[in-house]
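What follows is input18.cif (mmCIF, C-alpha atoms).
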```
data_entry
loop_
_atom_site.label_atom_id
_atom_site.label_comp_id
_atom_site.auth_asym_id
_atom_site.auth_seq_id
_atom_site.Cartn_x
_atom_site.Cartn_y
_atom_site.Cartn_z
CA MET A 24 88.09 120.43 136.72
CA SER A 25 89.17 117.54 134.54
CA LYS A 26 89.97 114.13 135.99
CA HIS A 27 93.03 113.61 133.80
CA GLN A 28 95.82 115.94 132.73
CA ILE A 29 97.55 115.76 129.38
CA ASN A 30 101.33 115.51 129.17
CA PRO A 31 102.69 115.10 125.62
CA ASN A 32 106.27 114.89 126.91
CA ASN A 33 105.53 111.34 128.13
CA TRP A 34 103.48 110.07 125.18
CA ILE A 35 106.26 108.19 123.42
CA SER A 36 107.56 106.46 126.53
CA GLN A 37 104.10 105.65 127.92
CA TYR A 38 101.91 104.97 124.90
CA SER A 39 103.93 104.32 121.74
CA ASP A 40 104.23 100.54 122.26
CA TYR A 41 100.55 100.16 123.12
CA LEU A 42 99.42 102.32 120.19
CA PHE A 43 101.78 100.55 117.79
CA ASN A 44 100.55 97.08 118.85
CA PHE A 45 96.96 98.29 118.63
CA THR A 46 97.58 99.58 115.11
CA VAL A 47 99.68 96.77 113.66
CA THR A 48 96.95 94.25 114.48
CA ARG A 49 94.53 96.33 112.44
CA VAL A 50 96.64 97.24 109.41
CA SER A 51 99.09 94.29 109.33
CA ASP A 52 101.95 96.49 108.16
CA ARG A 53 104.60 97.70 110.59
CA VAL A 54 105.61 100.76 108.53
CA ILE A 55 102.01 101.91 108.08
CA ALA A 56 101.39 101.29 111.80
CA GLN A 57 104.39 103.46 112.70
CA ASP A 58 103.15 106.22 110.39
CA LEU A 59 99.65 106.11 111.86
CA VAL A 60 100.98 106.31 115.43
CA SER A 61 103.15 109.29 114.43
CA GLU A 62 100.13 110.96 112.81
CA THR A 63 98.19 110.28 116.01
CA PHE A 64 100.79 112.02 118.15
CA LEU A 65 100.83 115.00 115.77
CA ALA A 66 97.04 115.22 115.76
CA GLY A 67 97.07 114.99 119.56
CA LEU A 68 99.52 117.87 119.80
CA LYS A 69 97.41 119.97 117.44
CA SER A 70 94.21 119.28 119.34
CA MET A 71 95.48 119.41 122.94
CA ALA A 72 93.12 122.30 123.63
CA ASN A 73 90.20 119.98 122.85
CA PHE A 74 91.19 117.46 125.54
CA LYS A 75 88.43 117.67 128.15
CA GLY A 76 89.92 115.22 130.62
CA GLU A 77 86.77 113.12 130.70
CA ALA A 78 88.77 110.06 129.64
CA SER A 79 92.33 109.00 130.26
CA GLU A 80 95.06 110.38 128.07
CA ARG A 81 95.62 106.94 126.52
CA THR A 82 91.92 106.52 125.71
CA TRP A 83 91.90 109.95 124.07
CA LEU A 84 94.94 109.03 121.96
CA VAL A 85 93.35 105.69 121.00
CA SER A 86 90.22 107.53 119.82
CA ILE A 87 92.40 109.73 117.60
CA LEU A 88 94.25 106.64 116.36
CA LYS A 89 90.99 104.86 115.49
CA ARG A 90 90.07 107.79 113.25
CA LYS A 91 93.52 107.61 111.62
CA ILE A 92 93.04 103.89 110.93
CA ILE A 93 89.61 104.53 109.42
CA ASP A 94 91.10 107.29 107.26
CA HIS A 95 93.83 104.87 106.14
CA TYR A 96 91.28 102.27 105.02
CA ARG A 97 89.17 104.95 103.39
CA ARG A 98 92.19 106.11 101.37
CA ILE A 99 93.12 102.65 100.15
CA ASN A 100 89.64 101.20 99.62
CA SER A 101 87.21 103.91 98.73
CA ASN A 102 86.61 105.87 95.60
CA LYS A 103 88.52 109.07 96.44
CA GLY A 104 87.38 108.98 100.07
CA LYS A 105 83.69 109.41 99.30
CA ALA A 106 82.56 106.53 101.50
CA GLU A 107 80.81 107.54 104.67
CA VAL A 108 82.43 106.30 107.86
CA ARG A 109 80.62 106.12 111.15
CA MET A 110 82.25 105.70 114.54
CA SER A 111 80.71 103.31 117.07
CA TYR A 112 79.97 104.84 120.42
CA SER A 113 78.44 103.29 123.48
CA SER A 114 74.70 103.93 123.61
CA ASP A 115 74.06 102.60 127.12
CA SER A 116 75.46 105.63 128.89
CA ASP A 117 74.33 109.17 129.55
CA ALA A 118 77.75 110.49 128.56
CA GLU A 119 77.96 111.01 124.82
CA GLY A 120 81.08 109.85 123.05
CA ASN A 121 82.18 107.17 125.52
CA TRP A 122 84.13 104.55 123.64
CA LEU A 123 83.25 100.94 124.26
CA GLU A 124 86.96 100.38 124.89
CA GLU A 125 86.67 102.36 128.12
CA ARG A 126 84.28 99.73 129.47
CA ILE A 127 86.43 96.65 129.03
CA ALA A 128 88.65 95.09 131.67
CA ASP A 129 92.13 96.47 132.14
CA PRO A 130 94.46 94.49 129.82
CA PHE A 131 97.25 94.78 132.41
CA ASP A 132 95.19 92.91 135.04
CA LYS A 133 96.14 89.41 133.91
CA THR A 134 98.16 86.53 135.24
CA ALA A 135 101.34 85.43 133.48
CA GLU A 136 99.58 82.26 132.29
CA ASP A 137 96.67 84.30 130.81
CA THR A 138 99.16 86.50 129.01
CA LEU A 139 101.07 83.53 127.61
CA VAL A 140 97.94 81.73 126.40
CA ASN A 141 96.50 84.92 124.89
CA SER A 142 99.82 85.70 123.22
CA GLU A 143 100.10 82.20 121.73
CA LEU A 144 96.49 82.24 120.55
CA GLY A 145 96.93 85.74 119.11
CA ASP A 146 100.04 84.62 117.23
CA ALA A 147 98.18 81.56 115.90
CA ILE A 148 95.24 83.70 114.76
CA TYR A 149 97.45 86.21 112.97
CA ASN A 150 99.51 83.44 111.36
CA CYS A 151 96.28 81.91 110.09
CA LEU A 152 95.00 85.31 108.95
CA ASP A 153 98.15 85.68 106.86
CA LYS A 154 97.24 82.44 105.06
CA LEU A 155 93.79 83.70 104.03
CA PRO A 156 93.17 85.44 100.73
CA GLN A 157 93.76 89.18 101.20
CA LYS A 158 90.12 90.25 100.87
CA GLN A 159 88.93 87.61 103.36
CA ALA A 160 91.58 88.63 105.86
CA GLU A 161 90.79 92.32 105.44
CA VAL A 162 87.03 91.83 105.83
CA PHE A 163 87.52 89.57 108.85
CA LYS A 164 89.79 92.12 110.57
CA MET A 165 87.44 95.03 109.87
CA LYS A 166 84.34 93.17 111.10
CA THR A 167 85.64 90.99 113.91
CA ILE A 168 88.77 92.68 115.24
CA MET A 169 88.09 96.34 114.53
CA GLY A 170 84.33 96.07 115.07
CA TYR A 171 83.25 98.09 112.03
CA ASP A 172 79.57 97.85 111.18
CA THR A 173 78.39 96.12 108.01
CA GLU A 174 77.46 99.35 106.21
CA THR A 175 80.89 100.89 106.80
CA ILE A 176 82.72 97.82 105.53
CA CYS A 177 80.49 97.55 102.47
CA ASN A 178 81.02 101.24 101.66
CA GLU A 179 84.77 101.02 102.19
CA LEU A 180 85.27 97.88 100.10
CA GLY A 181 82.51 98.37 97.54
CA ILE A 182 80.76 95.07 98.33
CA THR A 183 77.19 94.10 99.16
CA ALA A 184 76.06 93.00 102.62
CA SER A 185 75.38 89.46 101.41
CA ASN A 186 78.85 89.31 99.85
CA LEU A 187 80.30 90.51 103.15
CA TRP A 188 78.63 87.70 105.08
CA VAL A 189 79.78 85.08 102.58
CA ILE A 190 83.35 86.37 102.92
CA ILE A 191 83.09 86.42 106.74
CA HIS A 192 81.73 82.86 106.78
CA ARG A 193 84.53 81.59 104.55
CA ALA A 194 87.16 83.42 106.60
CA ARG A 195 85.82 82.06 109.90
CA THR A 196 85.67 78.51 108.55
CA ALA A 197 89.21 78.71 107.18
CA LEU A 198 90.50 80.28 110.41
CA ALA A 199 88.84 77.64 112.57
CA ASP A 200 90.42 74.88 110.49
CA CYS A 201 93.82 76.55 110.53
CA ILE A 202 93.79 77.22 114.29
CA GLU A 203 92.67 73.67 115.02
CA LYS A 204 95.60 72.32 112.99
CA ASN A 205 98.23 74.79 114.20
CA TRP A 206 97.40 75.76 117.77
CA PHE A 207 95.78 72.86 119.63
#
```

Produce structure tokens that represent the structure in this file.
Amino acid sequence: MSKHQINPNNWISQYSDYLFNFTVTRVSDRVIAQDLVSETFLAGLKSMANFKGEASERTWLVSILKRKIIDHYRRINSNKGKAEVRMSYSSDSDAEGNWLEERIADPFDKTAEDTLVNSELGDAIYNCLDKLPQKQAEVFKMKTIMGYDTETICNELGITASNLWVIIHRARTALADCIEKNWF
């Protein structure tokens, strides 16, 4: 018997804000984020029979959403979607397919001060990201925030690994300077 039950009637009230915030930080466009969350809910409805209950309902929806985000980047960056995309799974567990996200601390287990500091820092980071050249910001988000591997990013954006690391270095340097000036 599964540990978790699925209830699509509560998805919007329980998960839409979380999924939207998760998405908008990765695509930096509110309309696209809304579309991807909607697509996630539709895909979840279509694949309800595949829900095994081995993870929470939210984790299952996030895994669908991650695929939608990857598909989005593949559509806008690859040559007719021919780039190969690999998903990162935890390899230190006997259970196949466990997302690394399932192993992090609960984001709701924070003090008000932690939340305020994290919120202010997050705002400062995203404000600084907006000031970077588009390609630098995109590469930084894919590598650092979304955790894509080098090969995936290079395939998606049509760049070499050495070019990727130059872009990452420049983005990190510019972000560090910007955050030091605007947040501290």

Hey, can you pull every residue with an atom no more than 8 Å from (97.4, 107.1, 113.4), using only C-alpha atoms, and send it as an mmCIF file with C-alpha atoms, keeping the file's coordinate frame?
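Output below, filename out_16.cif:
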```cif
data_model
loop_
_atom_site.group_PDB
_atom_site.id
_atom_site.type_symbol
_atom_site.label_atom_id
_atom_site.label_comp_id
_atom_site.auth_asym_id
_atom_site.auth_seq_id
_atom_site.Cartn_x
_atom_site.Cartn_y
_atom_site.Cartn_z
ATOM 1 C CA THR A 46 97.580 99.580 115.110
ATOM 2 C CA ALA A 56 101.390 101.290 111.800
ATOM 3 C CA GLN A 57 104.390 103.460 112.700
ATOM 4 C CA ASP A 58 103.150 106.220 110.390
ATOM 5 C CA LEU A 59 99.650 106.110 111.860
ATOM 6 C CA VAL A 60 100.980 106.310 115.430
ATOM 7 C CA SER A 61 103.150 109.290 114.430
ATOM 8 C CA GLU A 62 100.130 110.960 112.810
ATOM 9 C CA THR A 63 98.190 110.280 116.010
ATOM 10 C CA PHE A 64 100.790 112.020 118.150
ATOM 11 C CA ILE A 87 92.400 109.730 117.600
ATOM 12 C CA LEU A 88 94.250 106.640 116.360
ATOM 13 C CA LYS A 89 90.990 104.860 115.490
ATOM 14 C CA ARG A 90 90.070 107.790 113.250
ATOM 15 C CA LYS A 91 93.520 107.610 111.620
ATOM 16 C CA ILE A 92 93.040 103.890 110.930
#
```

Expressed in Å to a single decimal, how great is the separation between atom CA of Glu161 of chain A and atom CA of Ala199 of chain A?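 Here the two named atoms are 16.4 Å from each other.
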
Compare A:Lys166, A:Lys69, A:His95, A:Lys158 by their minimum atom-to-atom distance to Gly181 of chain A, counting only C-alpha atoms, and give me the closest one.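 Checking each of A:Lys166, A:Lys69, A:His95, A:Lys158 against Gly181 of chain A, counting only C-alpha atoms, the winner is A:Lys158.
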
Neighbour residues at most 12 Å from (89.2, 78.1, 103.2) (only C-alpha atoms) as a list of chain:residue names: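 Output: A:Cys151, A:Leu152, A:Lys154, A:Leu155, A:Pro156, A:Gln159, A:Ala160, A:Val189, A:Ile190, A:Ile191, A:His192, A:Arg193, A:Ala194, A:Arg195, A:Thr196, A:Ala197, A:Leu198, A:Ala199, A:Asp200, A:Cys201.
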
What is the atom CA of Trp83 of chain A-atom CA of Val50 of chain A distance in Å, reported with one decimal? 20.0 Å

One decimal, Å: what's the distance from atom CA of Tyr96 of chain A over to atom CA of Asp52 of chain A, could you say?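 Interatomic distance, atom CA of Tyr96 of chain A to atom CA of Asp52 of chain A: 12.5 Å.
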
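Applied to this file, the PyMOL selection byres ((chain A and resi 32-39) around 10) selects Ile29, Asn30, Pro31, Asp40, Tyr41, Leu42, Phe43, Asn44, Phe45, Gln57, Val60, Ser61, Phe64, Gly67, Glu80, Arg81, Leu84 and Val85 of chain A.
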
Nearest-residue call for Val162 of chain A, choices A:Leu68, A:Arg98, A:Thr82, A:Asn186, using only C-alpha atoms: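 Going through A:Leu68, A:Arg98, A:Thr82, A:Asn186 one by one, the smallest distance to Val162 of chain A is for A:Asn186.
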
Here is a test: counting only C-alpha atoms, which residue of A:Tyr149, A:Gln157, A:Cys177, A:Gly170 is nearest to Asn205 of chain A?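 Residue with the minimum atom-to-atom distance to Asn205 of chain A: A:Tyr149.
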
From the options A:Glu77, A:Leu180, A:Thr48, A:Ser86, which residue's atoms come nearest to Gly145 of chain A, counting only C-alpha atoms? A:Thr48

Show me, as JSON, the centre and edge lengths in Å to one decimal of the axis-aligned box that covers every listed atom of segment 170-177 of chain A with 4 Å on each side.
```
{"center_x": 80.9, "center_y": 98.5, "center_z": 108.8, "size_x": 14.9, "size_y": 12.8, "size_z": 20.6}
```

For Asp94 of chain A, which of A:Ser185, A:Glu179, A:Leu144, A:Asp153 is the closest residue, counting all atoms listed in the file?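 Ranking A:Ser185, A:Glu179, A:Leu144, A:Asp153 by distance to Asp94 of chain A, first place goes to A:Glu179.
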